[in-house]
Structures are given as structure tokens and as C-alpha cells.
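Trainee: PDB, C-alpha atoms, pLDDT in the B column, file work.pdb:
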ATOM      1  CA  ARG A   1      -7.109  15.747  16.800  1.00 84.00           C
ATOM      2  CA  GLY A   2      -6.587  16.919  13.222  1.00 90.00           C
ATOM      3  CA  GLN A   3      -9.077  18.494  10.851  1.00 93.00           C
ATOM      4  CA  TRP A   4      -9.005  15.620   8.362  1.00 95.00           C
ATOM      5  CA  ILE A   5      -9.085  11.846   8.829  1.00 96.00           C
ATOM      6  CA  ALA A   6      -8.118   9.107   6.391  1.00 96.00           C
ATOM      7  CA  LEU A   7      -8.930   5.465   7.052  1.00 95.00           C
ATOM      8  CA  LEU A   8      -6.549   2.564   6.548  1.00 95.00           C
ATOM      9  CA  ASP A   9      -7.428  -1.062   7.236  1.00 91.00           C
ATOM     10  CA  ASP A  10      -4.589  -2.964   8.860  1.00 88.00           C
ATOM     11  CA  ASP A  11      -4.122  -5.300   5.892  1.00 86.00           C
ATOM     12  CA  ASP A  12      -4.178  -2.642   3.143  1.00 94.00           C
ATOM     13  CA  GLU A  13      -1.666  -0.113   1.835  1.00 96.00           C
ATOM     14  CA  TRP A  14      -1.676   3.527   0.785  1.00 97.00           C
ATOM     15  CA  LEU A  15       0.253   4.429  -2.351  1.00 96.00           C
ATOM     16  CA  PRO A  16       2.923   7.127  -1.840  1.00 95.00           C
ATOM     17  CA  ASP A  17       0.905  10.183  -2.937  1.00 95.00           C
ATOM     18  CA  LYS A  18      -2.462   9.145  -1.517  1.00 97.00           C
ATOM     19  CA  ILE A  19      -2.748  11.611   1.357  1.00 97.00           C
ATOM     20  CA  ARG A  20      -1.066  14.470  -0.493  1.00 97.00           C
ATOM     21  CA  ILE A  21      -3.497  14.206  -3.415  1.00 97.00           C
ATOM     22  CA  GLN A  22      -6.646  13.939  -1.304  1.00 97.00           C
ATOM     23  CA  ALA A  23      -5.522  16.625   1.153  1.00 96.00           C
ATOM     24  CA  ALA A  24      -4.807  19.025  -1.720  1.00 96.00           C
ATOM     25  CA  ILE A  25      -8.343  18.553  -3.063  1.00 96.00           C
ATOM     26  CA  ALA A  26      -9.896  18.905   0.403  1.00 95.00           C
ATOM     27  CA  LEU A  27      -7.954  22.090   1.188  1.00 94.00           C
ATOM     28  CA  ALA A  28      -8.796  23.585  -2.193  1.00 95.00           C
ATOM     29  CA  LYS A  29     -12.518  22.897  -1.624  1.00 93.00           C
ATOM     30  CA  ALA A  30     -12.351  24.109   1.994  1.00 90.00           C
ATOM     31  CA  ASP A  31     -15.515  22.143   2.755  1.00 92.00           C
ATOM     32  CA  GLU A  32     -15.774  19.992   5.880  1.00 93.00           C
ATOM     33  CA  ARG A  33     -18.820  18.223   4.429  1.00 95.00           C
ATOM     34  CA  LEU A  34     -16.693  16.656   1.715  1.00 95.00           C
ATOM     35  CA  VAL A  35     -15.963  12.929   1.416  1.00 97.00           C
ATOM     36  CA  LEU A  36     -13.110  11.877  -0.851  1.00 97.00           C
ATOM     37  CA  VAL A  37     -12.695   8.381  -2.245  1.00 97.00           C
ATOM     38  CA  SER A  38     -10.656   6.956  -5.108  1.00 97.00           C
ATOM     39  CA  GLN A  39     -10.037   4.007  -7.337  1.00 96.00           C
ATOM     40  CA  TYR A  40      -7.912   1.295  -5.778  1.00 96.00           C
ATOM     41  CA  ILE A  41      -5.871  -1.743  -6.733  1.00 94.00           C
ATOM     42  CA  CYS A  42      -7.263  -5.148  -5.802  1.00 90.00           C
ATOM     43  CA  ARG A  43      -4.400  -7.562  -5.151  1.00 89.00           C
ATOM     44  CA  THR A  44      -4.552 -11.313  -4.622  1.00 84.00           C
ATOM     45  CA  PRO A  45      -1.795 -13.945  -4.674  1.00 80.00           C
ATOM     46  CA  ALA A  46      -3.467 -15.864  -7.491  1.00 75.00           C
ATOM     47  CA  VAL A  47      -4.100 -13.205 -10.177  1.00 75.00           C
ATOM     48  CA  ALA A  48      -2.577  -9.997 -11.488  1.00 80.00           C
ATOM     49  CA  ASP A  49      -3.480  -6.662  -9.879  1.00 88.00           C
ATOM     50  CA  ARG A  50      -6.919  -5.386 -10.922  1.00 89.00           C
ATOM     51  CA  LEU A  51      -8.262  -1.853 -10.969  1.00 91.00           C
ATOM     52  CA  ARG A  52     -11.475  -1.308  -9.021  1.00 92.00           C
ATOM     53  CA  PRO A  53     -14.231  -0.188  -9.049  1.00 94.00           C
ATOM     54  CA  ARG A  54     -15.060  -1.234 -12.600  1.00 89.00           C
ATOM     55  CA  ARG A  55     -16.558   2.208 -13.338  1.00 92.00           C
ATOM     56  CA  MET A  56     -17.010   5.575 -11.656  1.00 93.00           C
ATOM     57  CA  PRO A  57     -20.403   6.999 -10.566  1.00 93.00           C
ATOM     58  CA  ARG A  58     -22.524   8.519 -13.315  1.00 92.00           C
ATOM     59  CA  ALA A  59     -23.853  12.060 -13.070  1.00 90.00           C
ATOM     60  CA  GLY A  60     -26.987  12.084 -10.925  1.00 90.00           C
ATOM     61  CA  GLU A  61     -26.705   8.401 -10.014  1.00 93.00           C
ATOM     62  CA  PRO A  62     -27.811   7.668  -6.423  1.00 94.00           C
ATOM     63  CA  MET A  63     -24.783   6.534  -4.469  1.00 93.00           C
ATOM     64  CA  CYS A  64     -26.673   3.594  -2.988  1.00 94.00           C
ATOM     65  CA  GLU A  65     -27.382   2.275  -6.501  1.00 95.00           C
ATOM     66  CA  TYR A  66     -23.763   2.728  -7.492  1.00 95.00           C
ATOM     67  CA  MET A  67     -22.349   1.000  -4.405  1.00 94.00           C
ATOM     68  CA  PHE A  68     -24.403  -2.139  -5.058  1.00 94.00           C
ATOM     69  CA  ASP A  69     -23.891  -2.284  -8.807  1.00 93.00           C
ATOM     70  CA  TYR A  70     -21.692  -5.147  -9.975  1.00 88.00           C
ATOM     71  CA  LEU A  71     -18.068  -4.579  -8.861  1.00 86.00           C
ATOM     72  CA  CYS A  72     -18.775  -0.951  -7.971  1.00 90.00           C
ATOM     73  CA  TYR A  73     -17.612  -0.201  -4.464  1.00 87.00           C
ATOM     74  CA  PHE A  74     -15.305   2.327  -2.836  1.00 94.00           C
ATOM     75  CA  GLN A  75     -13.082   0.487  -0.392  1.00 93.00           C
ATOM     76  CA  THR A  76     -12.615   1.767   3.171  1.00 94.00           C
ATOM     77  CA  SER A  77      -8.904   2.508   2.810  1.00 96.00           C
ATOM     78  CA  THR A  78      -9.700   5.153   0.188  1.00 97.00           C
ATOM     79  CA  PHE A  79     -11.986   7.153   2.540  1.00 97.00           C
ATOM     80  CA  PHE A  80     -10.878  10.703   3.437  1.00 97.00           C
ATOM     81  CA  CYS A  81     -13.139  13.193   5.240  1.00 96.00           C
ATOM     82  CA  SER A  82     -13.238  15.768   8.003  1.00 96.00           C
ATOM     83  CA  ARG A  83     -13.081  14.874  11.675  1.00 95.00           C
ATOM     84  CA  ALA A  84     -16.208  16.981  12.196  1.00 95.00           C
ATOM     85  CA  LEU A  85     -18.180  14.855   9.710  1.00 96.00           C
ATOM     86  CA  LEU A  86     -17.074  11.596  11.328  1.00 95.00           C
ATOM     87  CA  LEU A  87     -18.156  12.909  14.719  1.00 95.00           C
ATOM     88  CA  GLU A  88     -21.524  13.918  13.267  1.00 96.00           C
ATOM     89  CA  VAL A  89     -22.016  10.596  11.450  1.00 95.00           C
ATOM     90  CA  PRO A  90     -20.047   7.949  13.374  1.00 95.00           C
ATOM     91  CA  PHE A  91     -19.525   4.316  12.428  1.00 94.00           C
ATOM     92  CA  GLN A  92     -22.059   1.916  13.950  1.00 90.00           C
ATOM     93  CA  LYS A  93     -19.906  -0.353  16.114  1.00 84.00           C
ATOM     94  CA  SER A  94     -22.814  -2.640  16.980  1.00 86.00           C
ATOM     95  CA  LEU A  95     -23.172  -3.981  13.433  1.00 85.00           C
ATOM     96  CA  ASP A  96     -22.102  -7.540  12.604  1.00 85.00           C
ATOM     97  CA  GLY A  97     -20.830  -6.368   9.219  1.00 84.00           C
ATOM     98  CA  PHE A  98     -21.246  -3.775   6.463  1.00 89.00           C
ATOM     99  CA  GLN A  99     -19.862  -1.070   8.791  1.00 91.00           C
ATOM    100  CA  ASP A 100     -18.110   0.810   6.011  1.00 92.00           C
ATOM    101  CA  ILE A 101     -20.998   0.594   3.525  1.00 92.00           C
ATOM    102  CA  ASP A 102     -23.468   1.492   6.250  1.00 94.00           C
ATOM    103  CA  TRP A 103     -21.470   4.630   7.117  1.00 95.00           C
ATOM    104  CA  PHE A 104     -20.994   5.594   3.467  1.00 94.00           C
ATOM    105  CA  LEU A 105     -24.713   5.337   2.741  1.00 94.00           C
ATOM    106  CA  ARG A 106     -25.721   7.240   5.868  1.00 94.00           C
ATOM    107  CA  VAL A 107     -23.205  10.043   5.318  1.00 95.00           C
ATOM    108  CA  ASN A 108     -24.439  10.432   1.745  1.00 91.00           C
ATOM    109  CA  ARG A 109     -27.923  11.143   3.097  1.00 90.00           C
ATOM    110  CA  SER A 110     -26.654  13.934   5.323  1.00 91.00           C
ATOM    111  CA  ASP A 111     -27.471  17.468   4.232  1.00 92.00           C
ATOM    112  CA  GLY A 112     -24.823  19.205   2.184  1.00 93.00           C
ATOM    113  CA  VAL A 113     -22.421  16.266   1.894  1.00 94.00           C
ATOM    114  CA  THR A 114     -20.487  16.014  -1.386  1.00 93.00           C
ATOM    115  CA  VAL A 115     -18.600  12.915  -2.526  1.00 94.00           C
ATOM    116  CA  LEU A 116     -15.639  13.334  -4.871  1.00 94.00           C
ATOM    117  CA  ALA A 117     -14.004  10.299  -6.472  1.00 95.00           C
ATOM    118  CA  VAL A 118     -10.402  10.535  -7.653  1.00 96.00           C
ATOM    119  CA  ARG A 119      -9.951   8.781 -11.001  1.00 95.00           C
ATOM    120  CA  GLN A 120      -6.674   7.251  -9.937  1.00 94.00           C
ATOM    121  CA  PRO A 121      -5.767   4.282  -7.733  1.00 96.00           C
ATOM    122  CA  LEU A 122      -4.475   5.608  -4.414  1.00 97.00           C
ATOM    123  CA  SER A 123      -4.483   2.484  -2.268  1.00 96.00           C
ATOM    124  CA  ILE A 124      -4.029  -1.273  -2.492  1.00 95.00           C
ATOM    125  CA  TYR A 125      -6.640  -3.661  -1.152  1.00 93.00           C
ATOM    126  CA  TYR A 126      -5.219  -7.082  -0.338  1.00 90.00           C
ATOM    127  CA  MET A 127      -8.213  -9.315  -0.992  1.00 82.00           C
ATOM    128  CA  PRO A 128      -8.183 -12.390   1.254  1.00 74.00           C
ATOM    129  CA  GLU A 129      -8.681 -15.745  -0.434  1.00 65.00           C
ATOM    130  CA  GLN A 130     -10.640 -17.037   2.549  1.00 56.00           C
ATOM    131  CA  ARG A 131     -13.357 -15.315   4.626  1.00 50.00           C
ATOM    132  CA  ALA A 132     -10.971 -13.171   6.634  1.00 53.00           C
ATOM    133  CA  THR A 133     -12.994  -9.948   6.869  1.00 60.00           C
ATOM    134  CA  ILE A 134     -15.949  -9.172   9.127  1.00 58.00           C
ATOM    135  CA  THR A 135     -18.489  -8.745   6.336  1.00 64.00           C
ATOM    136  CA  SER A 136     -17.239 -11.648   4.218  1.00 68.00           C
ATOM    137  CA  GLY A 137     -17.974 -13.986   7.122  1.00 75.00           C
ATOM    138  CA  LEU A 138     -21.639 -13.027   7.314  1.00 86.00           C
ATOM    139  CA  THR A 139     -24.202 -15.641   6.314  1.00 91.00           C
ATOM    140  CA  TRP A 140     -26.792 -14.834   3.686  1.00 93.00           C
ATOM    141  CA  LYS A 141     -29.401 -14.513   6.451  1.00 94.00           C
ATOM    142  CA  LYS A 142     -27.347 -11.880   8.283  1.00 93.00           C
ATOM    143  CA  ARG A 143     -26.839  -9.991   5.026  1.00 94.00           C
ATOM    144  CA  LEU A 144     -30.543 -10.061   4.251  1.00 95.00           C
ATOM    145  CA  GLU A 145     -31.285  -8.875   7.791  1.00 94.00           C
ATOM    146  CA  TRP A 146     -28.962  -5.888   7.325  1.00 94.00           C
ATOM    147  CA  GLY A 147     -30.630  -5.020   4.011  1.00 94.00           C
ATOM    148  CA  ARG A 148     -34.120  -5.149   5.475  1.00 95.00           C
ATOM    149  CA  ASN A 149     -33.132  -3.153   8.554  1.00 93.00           C
ATOM    150  CA  ASN A 150     -31.563  -0.472   6.357  1.00 93.00           C
ATOM    151  CA  ARG A 151     -34.170  -0.476   3.599  1.00 94.00           C
ATOM    152  CA  PRO A 152     -34.738   3.326   3.959  1.00 93.00           C
ATOM    153  CA  LEU A 153     -31.120   3.893   2.879  1.00 93.00           C
ATOM    154  CA  LEU A 154     -31.702   2.073  -0.420  1.00 95.00           C
ATOM    155  CA  THR A 155     -33.725   2.820  -3.509  1.00 96.00           C
ATOM    156  CA  ASP A 156     -35.718  -0.050  -5.038  1.00 97.00           C
ATOM    157  CA  ARG A 157     -33.022  -0.622  -7.650  1.00 96.00           C
ATOM    158  CA  ALA A 158     -30.263  -0.518  -5.041  1.00 96.00           C
ATOM    159  CA  TYR A 159     -32.105  -3.078  -2.907  1.00 96.00           C
ATOM    160  CA  SER A 160     -32.471  -5.510  -5.810  1.00 96.00           C
ATOM    161  CA  ARG A 161     -28.790  -5.071  -6.617  1.00 95.00           C
ATOM    162  CA  PHE A 162     -27.951  -5.727  -2.970  1.00 95.00           C
ATOM    163  CA  ILE A 163     -29.931  -8.977  -2.969  1.00 96.00           C
ATOM    164  CA  VAL A 164     -28.101 -10.270  -6.046  1.00 93.00           C
ATOM    165  CA  GLY A 165     -24.618  -9.017  -5.274  1.00 90.00           C
ATOM    166  CA  SER A 166     -24.472  -9.564  -1.523  1.00 91.00           C
ATOM    167  CA  CYS A 167     -26.983 -12.278  -0.630  1.00 93.00           C
ATOM    168  CA  ILE A 168     -27.507 -14.753  -3.469  1.00 92.00           C
ATOM    169  CA  GLY A 169     -23.835 -15.456  -4.097  1.00 86.00           C
ATOM    170  CA  ARG A 170     -23.269 -16.085  -0.384  1.00 89.00           C
ATOM    171  CA  ALA A 171     -26.298 -18.397  -0.223  1.00 92.00           C
ATOM    172  CA  VAL A 172     -24.849 -20.431  -3.101  1.00 88.00           C
ATOM    173  CA  GLU A 173     -21.442 -20.644  -1.430  1.00 85.00           C
ATOM    174  CA  ASP A 174     -23.081 -21.575   1.877  1.00 86.00           C
ATOM    175  CA  LYS A 175     -25.048 -24.331   0.086  1.00 89.00           C
ATOM    176  CA  ALA A 176     -28.184 -22.898   1.623  1.00 90.00           C
ATOM    177  CA  GLY A 177     -30.467 -24.928  -0.608  1.00 91.00           C
ATOM    178  CA  PHE A 178     -33.343 -24.372  -3.002  1.00 91.00           C
ATOM    179  CA  ARG A 179     -35.726 -22.802  -0.482  1.00 93.00           C
ATOM    180  CA  ALA A 180     -33.208 -20.153   0.518  1.00 94.00           C
ATOM    181  CA  LEU A 181     -32.484 -19.275  -3.105  1.00 93.00           C
ATOM    182  CA  LEU A 182     -36.199 -19.135  -3.899  1.00 94.00           C
ATOM    183  CA  ARG A 183     -36.725 -16.789  -0.961  1.00 95.00           C
ATOM    184  CA  LEU A 184     -33.955 -14.488  -2.166  1.00 95.00           C
ATOM    185  CA  ILE A 185     -35.179 -14.564  -5.764  1.00 94.00           C
ATOM    186  CA  ARG A 186     -38.644 -13.519  -4.573  1.00 95.00           C
ATOM    187  CA  GLU A 187     -37.054 -10.748  -2.535  1.00 95.00           C
ATOM    188  CA  TYR A 188     -35.170  -9.598  -5.623  1.00 94.00           C
ATOM    189  CA  LEU A 189     -38.224  -9.638  -7.882  1.00 95.00           C
ATOM    190  CA  PHE A 190     -40.848  -8.211  -5.549  1.00 95.00           C
ATOM    191  CA  GLY A 191     -38.902  -6.319  -2.895  1.00 95.00           C
ATOM    192  CA  GLY A 192     -37.113  -3.924  -5.203  1.00 95.00           C
ATOM    193  CA  ALA A 193     -36.792  -3.007  -8.873  1.00 95.00           C
ATOM    194  CA  PRO A 194     -35.364  -5.886 -10.939  1.00 94.00           C
ATOM    195  CA  THR A 195     -33.600  -5.252 -14.246  1.00 94.00           C
ATOM    196  CA  PHE A 196     -32.683  -7.486 -17.174  1.00 92.00           C
ATOM    197  CA  SER A 197     -28.958  -7.199 -16.437  1.00 91.00           C
ATOM    198  CA  GLY A 198     -29.684  -8.009 -12.809  1.00 91.00           C
ATOM    199  CA  LEU A 199     -31.573 -11.135 -13.820  1.00 92.00           C
ATOM    200  CA  LEU A 200     -28.607 -12.280 -15.908  1.00 91.00           C
ATOM    201  CA  LEU A 201     -26.299 -11.701 -12.946  1.00 89.00           C
ATOM    202  CA  LEU A 202     -28.717 -13.593 -10.702  1.00 90.00           C
ATOM    203  CA  LEU A 203     -28.634 -16.586 -13.035  1.00 90.00           C
ATOM    204  CA  GLY A 204     -24.857 -16.471 -13.116  1.00 87.00           C
ATOM    205  CA  MET A 205     -24.720 -16.378  -9.315  1.00 84.00           C
ATOM    206  CA  CYS A 206     -27.048 -19.370  -9.038  1.00 84.00           C
ATOM    207  CA  LEU A 207     -25.617 -21.549 -11.810  1.00 81.00           C
ATOM    208  CA  ALA A 208     -21.895 -20.778 -12.071  1.00 75.00           C
ATOM    209  CA  PRO A 209     -19.424 -22.131  -9.488  1.00 72.00           C
ATOM    210  CA  PRO A 210     -17.653 -19.392  -7.457  1.00 71.00           C
ATOM    211  CA  ARG A 211     -14.274 -20.121  -9.050  1.00 73.00           C
ATOM    212  CA  LEU A 212     -15.724 -19.763 -12.550  1.00 73.00           C
ATOM    213  CA  ARG A 213     -17.449 -16.508 -11.559  1.00 70.00           C
ATOM    214  CA  ARG A 214     -14.165 -15.079 -10.295  1.00 70.00           C
ATOM    215  CA  SER A 215     -12.368 -16.084 -13.489  1.00 71.00           C
ATOM    216  CA  VAL A 216     -15.010 -14.405 -15.672  1.00 69.00           C
ATOM    217  CA  ARG A 217     -14.970 -11.305 -13.457  1.00 67.00           C
ATOM    218  CA  ASN A 218     -11.205 -10.914 -13.698  1.00 66.00           C
ATOM    219  CA  ALA A 219     -11.056 -11.641 -17.411  1.00 66.00           C
ATOM    220  CA  PHE A 220     -13.850  -9.379 -18.642  1.00 64.00           C
ATOM    221  CA  PHE A 221     -14.813  -6.777 -16.052  1.00 64.00           C
ATOM    222  CA  LEU A 222     -11.690  -5.619 -14.213  1.00 68.00           C
ATOM    223  CA  PRO A 223      -8.684  -4.208 -16.101  1.00 69.00           C
ATOM    224  CA  ARG A 224      -5.171  -5.117 -15.071  1.00 78.00           C
ATOM    225  CA  VAL A 225      -3.019  -2.401 -13.589  1.00 77.00           C
ATOM    226  CA  ARG A 226       0.659  -2.024 -12.809  1.00 71.00           C
ATOM    227  CA  VAL A 227       1.875  -0.013  -9.834  1.00 66.00           C
ATOM    228  CA  SER A 228       4.791   2.322 -10.481  1.00 57.00           C
ATOM    229  CA  ALA A 229       7.135   3.426  -7.718  1.00 42.00           C
ATOM    230  CA  ARG A 230       5.460   6.840  -7.697  1.00 46.00           C
ATOM    231  CA  MET A 231       1.977   7.413  -9.068  1.00 46.00           C
ATOM    232  CA  ASP A 232       1.032  10.279 -11.372  1.00 45.00           C
ATOM    233  CA  SER A 233       0.440  13.292  -9.108  1.00 44.00           C
ATOM    234  CA  ARG A 234      -2.205  14.945 -11.296  1.00 47.00           C
ATOM    235  CA  PRO A 235      -5.549  13.580 -10.059  1.00 51.00           C
ATOM    236  CA  SER A 236      -8.919  13.875 -11.728  1.00 57.00           C
ATOM    237  CA  ALA A 237     -11.878  14.060  -9.336  1.00 60.00           C
ATOM    238  CA  SER A 238     -15.513  13.573 -10.330  1.00 61.00           C
TER     239      SER A 238
END
Will you turn the file into C-alpha cells for me?

Mentor:
Amino acid sequence: RGQWIALLDDDDEWLPDKIRIQAAIALAKADERLVLVSQYICRTPAVADRLRPRRMPRAGEPMCEYMFDYLCYFQTSTFFCSRALLLEVPFQKSLDGFQDIDWFLRVNRSDGVTVLAVRQPLSIYYMPEQRATITSGLTWKKRLEWGRNNRPLLTDRAYSRFIVGSCIGRAVEDKAGFRALLRLIREYLFGGAPTFSGLLLLLGMCLAPPRLRRSVRNAFFLPRVRVSARMDSRPSAS
């Protein structure tokens, strides 16, 4: 019934000042077509807390390209927006997965919508070690189906990034076989806009075991972070 809505997955946690900081920005902007997100802390039992996403969006960068870049993703429990906007652009309950990404991409295509990212972790995402989330349980075929069905939401570069980041790694973990990987590689090369860095990531996805990939990711791409009892209350939004 309120003017503003903030989302919180049942296995995540808001840091103490999360709502106060985002509400202050929203009230100062006085714009119901505003979506606020933030950095967040990724927590697992096995490794130290990591700060995500690995970088913030660049000026003029399409949000779809950002969301499918390597380790760039705004997690659902950071979302803060107006009730009116959620009624205008509702979540698609019929989807097998990608509900949060699907909503984020669709709302970004709505006229007059502005996304502001707070350069400060405001929530904690408890990453499951097993496939405990809806999207993480999707097969590579279901992921590819979602990408093809939502191709209009993605630029060519975003689609190639989606194939590498969301489909190829899952196909490897599912032991889908050479034909499946060849199909996805063709989709990456000819269905979008491949890049040199994307090709390197593709090779890493195909050749490196998942445990090794996670170790490299945590060691070189995601900084460690420590959570104080009360976070700094002076946010920086971009």
C-alpha cells in the first residue's frame, strides 16, 4: 500500500541503513520512475565475503550489456522502486527462471525510467553452494530458450555475453557434450557480437573445471569486504 517497494529474498539480508539510504535518494529525486540498486556483499561458507558487482555501469552503457558482463549483476535484494512502476511493469510469474533479470531489462526499456546505483553495499546475498535458486536450476537449453524468446531486450553484444556467462558454463557443468557446446559457440559467434575478451572467457568456461573458475574469480575479480556493525551513511549514487 505504500509509495515505495523494496525487495528482499527470503535467504538474503539488508544491512542496517539500506532502506534509509535508498528512501532518502528516492524522496530527494521525487520521481516515481526511478529504480535504485546498489552494490552488495556475496557471502558463502567457503570463502571470505566478496563485493559485487565487480564494477559499476559506465556512462552511456546499455543496461542489458552491463547485466550480462562478467560478474556484473544487480541482485534482487538491492531493488528499490515505486509501487506505481511495479504495477506498470510487473514480474512475469510464468517464467521458469530469470524473473528478476527479465523485470530489470523490461523496466529499463520503459519510457522515462532512470536507474541509480549506490556505490556502497547495502545488502548481503547468501550464495548457495548447490543449485538452490530457481534460475540456477535451469538447464542450458532452458537458458538458451529464455535468451532467444527475449532477444529484443538484448543488444548483439549483450546476447553474446549472455550465451557465454549464462549458457556455456551451465552446459559444461551439465556435461551436455561436444554437440551442445558447439551449438552454443555458434550462437555466440553468429547470433550476437563476439569480442576478444568474450572469446577468452568462453575458452575458460569450456576448459577450466567449475571449482578452478570460482577460485580464479574470487582471487582476481572480486575484492574482499568486511561488514561493520553500521555502514557509512553517506552514499554515492551513479

Trainee: Rounded to one decimal in Å, what is the spacing between atom CA of A:Gly192 and atom CA of A:Gly60?

Mentor: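 Rounded to one decimal, the two atoms are 19.8 Å apart.
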
Trainee: Taking all atoms listed in the file into account, name the residue in A:Met63, A:Val113, A:Met127, A:Leu203 that is nearest to A:Leu34.

Mentor: A:Val113

Trainee: Which residue, A:Leu181, A:Ala176, A:Ile124, A:Val89, has the smallest gap to A:Val225 when you use only C-alpha atoms?

Mentor: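 Among the listed residues, A:Ile124 lies closest to A:Val225.
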
Trainee: Hey, can you check how far atom CA of A:Ser38 sits from atom CA of A:Gln22?

Mentor: 8.9 Å

Trainee: What does the distance from atom CA of A:Ser82 to atom CA of A:Arg54 come to in Å, to one decimal?

Mentor: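 Atom CA of A:Ser82 sits 26.8 Å away from atom CA of A:Arg54.
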
Trainee: Complete the atoms of stretch 156-171 of chain A to N, CA, C and O atoms and put them out as a PDB file, keeping the file's coordinate frame.

Mentor:
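This went into selection-v7.pdb:
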ATOM      1  N   ASP A 156     -35.263   1.272  -4.613  1.00 97.00           N
ATOM      2  CA  ASP A 156     -35.718  -0.050  -5.038  1.00 97.00           C
ATOM      3  C   ASP A 156     -34.659  -0.750  -5.883  1.00 97.00           C
ATOM      4  O   ASP A 156     -34.391  -1.951  -5.705  1.00 97.00           O
ATOM      5  N   ARG A 157     -34.049  -0.011  -6.798  1.00 96.00           N
ATOM      6  CA  ARG A 157     -33.022  -0.622  -7.650  1.00 96.00           C
ATOM      7  C   ARG A 157     -31.814  -1.036  -6.827  1.00 96.00           C
ATOM      8  O   ARG A 157     -31.245  -2.124  -7.024  1.00 96.00           O
ATOM      9  N   ALA A 158     -31.408  -0.192  -5.883  1.00 96.00           N
ATOM     10  CA  ALA A 158     -30.263  -0.518  -5.041  1.00 96.00           C
ATOM     11  C   ALA A 158     -30.545  -1.775  -4.221  1.00 96.00           C
ATOM     12  O   ALA A 158     -29.658  -2.628  -4.039  1.00 96.00           O
ATOM     13  N   TYR A 159     -31.777  -1.908  -3.729  1.00 96.00           N
ATOM     14  CA  TYR A 159     -32.105  -3.078  -2.907  1.00 96.00           C
ATOM     15  C   TYR A 159     -32.042  -4.358  -3.740  1.00 96.00           C
ATOM     16  O   TYR A 159     -31.509  -5.382  -3.280  1.00 96.00           O
ATOM     17  N   SER A 160     -32.564  -4.330  -4.956  1.00 96.00           N
ATOM     18  CA  SER A 160     -32.471  -5.510  -5.810  1.00 96.00           C
ATOM     19  C   SER A 160     -31.018  -5.854  -6.118  1.00 96.00           C
ATOM     20  O   SER A 160     -30.623  -7.026  -6.118  1.00 96.00           O
ATOM     21  N   ARG A 161     -30.217  -4.826  -6.367  1.00 95.00           N
ATOM     22  CA  ARG A 161     -28.790  -5.071  -6.617  1.00 95.00           C
ATOM     23  C   ARG A 161     -28.112  -5.660  -5.384  1.00 95.00           C
ATOM     24  O   ARG A 161     -27.244  -6.533  -5.497  1.00 95.00           O
ATOM     25  N   PHE A 162     -28.501  -5.191  -4.210  1.00 95.00           N
ATOM     26  CA  PHE A 162     -27.951  -5.727  -2.970  1.00 95.00           C
ATOM     27  C   PHE A 162     -28.290  -7.208  -2.814  1.00 95.00           C
ATOM     28  O   PHE A 162     -27.432  -8.016  -2.426  1.00 95.00           O
ATOM     29  N   ILE A 163     -29.522  -7.582  -3.111  1.00 96.00           N
ATOM     30  CA  ILE A 163     -29.931  -8.977  -2.969  1.00 96.00           C
ATOM     31  C   ILE A 163     -29.084  -9.874  -3.869  1.00 96.00           C
ATOM     32  O   ILE A 163     -28.601 -10.936  -3.450  1.00 96.00           O
ATOM     33  N   VAL A 164     -28.884  -9.449  -5.118  1.00 93.00           N
ATOM     34  CA  VAL A 164     -28.101 -10.270  -6.046  1.00 93.00           C
ATOM     35  C   VAL A 164     -26.630 -10.284  -5.651  1.00 93.00           C
ATOM     36  O   VAL A 164     -26.009 -11.344  -5.512  1.00 93.00           O
ATOM     37  N   GLY A 165     -26.054  -9.099  -5.466  1.00 90.00           N
ATOM     38  CA  GLY A 165     -24.618  -9.017  -5.274  1.00 90.00           C
ATOM     39  C   GLY A 165     -24.126  -9.458  -3.913  1.00 90.00           C
ATOM     40  O   GLY A 165     -23.011  -9.981  -3.802  1.00 90.00           O
ATOM     41  N   SER A 166     -24.947  -9.285  -2.875  1.00 91.00           N
ATOM     42  CA  SER A 166     -24.472  -9.564  -1.523  1.00 91.00           C
ATOM     43  C   SER A 166     -25.095 -10.808  -0.890  1.00 91.00           C
ATOM     44  O   SER A 166     -24.477 -11.397  -0.004  1.00 91.00           O
ATOM     45  N   CYS A 167     -26.279 -11.190  -1.312  1.00 93.00           N
ATOM     46  CA  CYS A 167     -26.983 -12.278  -0.630  1.00 93.00           C
ATOM     47  C   CYS A 167     -26.999 -13.587  -1.418  1.00 93.00           C
ATOM     48  O   CYS A 167     -26.737 -14.659  -0.856  1.00 93.00           O
ATOM     49  N   ILE A 168     -27.325 -13.511  -2.707  1.00 92.00           N
ATOM     50  CA  ILE A 168     -27.507 -14.753  -3.469  1.00 92.00           C
ATOM     51  C   ILE A 168     -26.195 -15.505  -3.633  1.00 92.00           C
ATOM     52  O   ILE A 168     -26.129 -16.730  -3.450  1.00 92.00           O
ATOM     53  N   GLY A 169     -25.126 -14.789  -3.962  1.00 86.00           N
ATOM     54  CA  GLY A 169     -23.835 -15.456  -4.097  1.00 86.00           C
ATOM     55  C   GLY A 169     -23.404 -16.133  -2.815  1.00 86.00           C
ATOM     56  O   GLY A 169     -22.875 -17.254  -2.832  1.00 86.00           O
ATOM     57  N   ARG A 170     -23.621 -15.477  -1.672  1.00 89.00           N
ATOM     58  CA  ARG A 170     -23.269 -16.085  -0.384  1.00 89.00           C
ATOM     59  C   ARG A 170     -24.134 -17.304  -0.109  1.00 89.00           C
ATOM     60  O   ARG A 170     -23.644 -18.318   0.412  1.00 89.00           O
ATOM     61  N   ALA A 171     -25.427 -17.240  -0.438  1.00 92.00           N
ATOM     62  CA  ALA A 171     -26.298 -18.397  -0.223  1.00 92.00           C
ATOM     63  C   ALA A 171     -25.824 -19.599  -1.039  1.00 92.00           C
ATOM     64  O   ALA A 171     -25.854 -20.740  -0.557  1.00 92.00           O
TER      65      ALA A 171
END
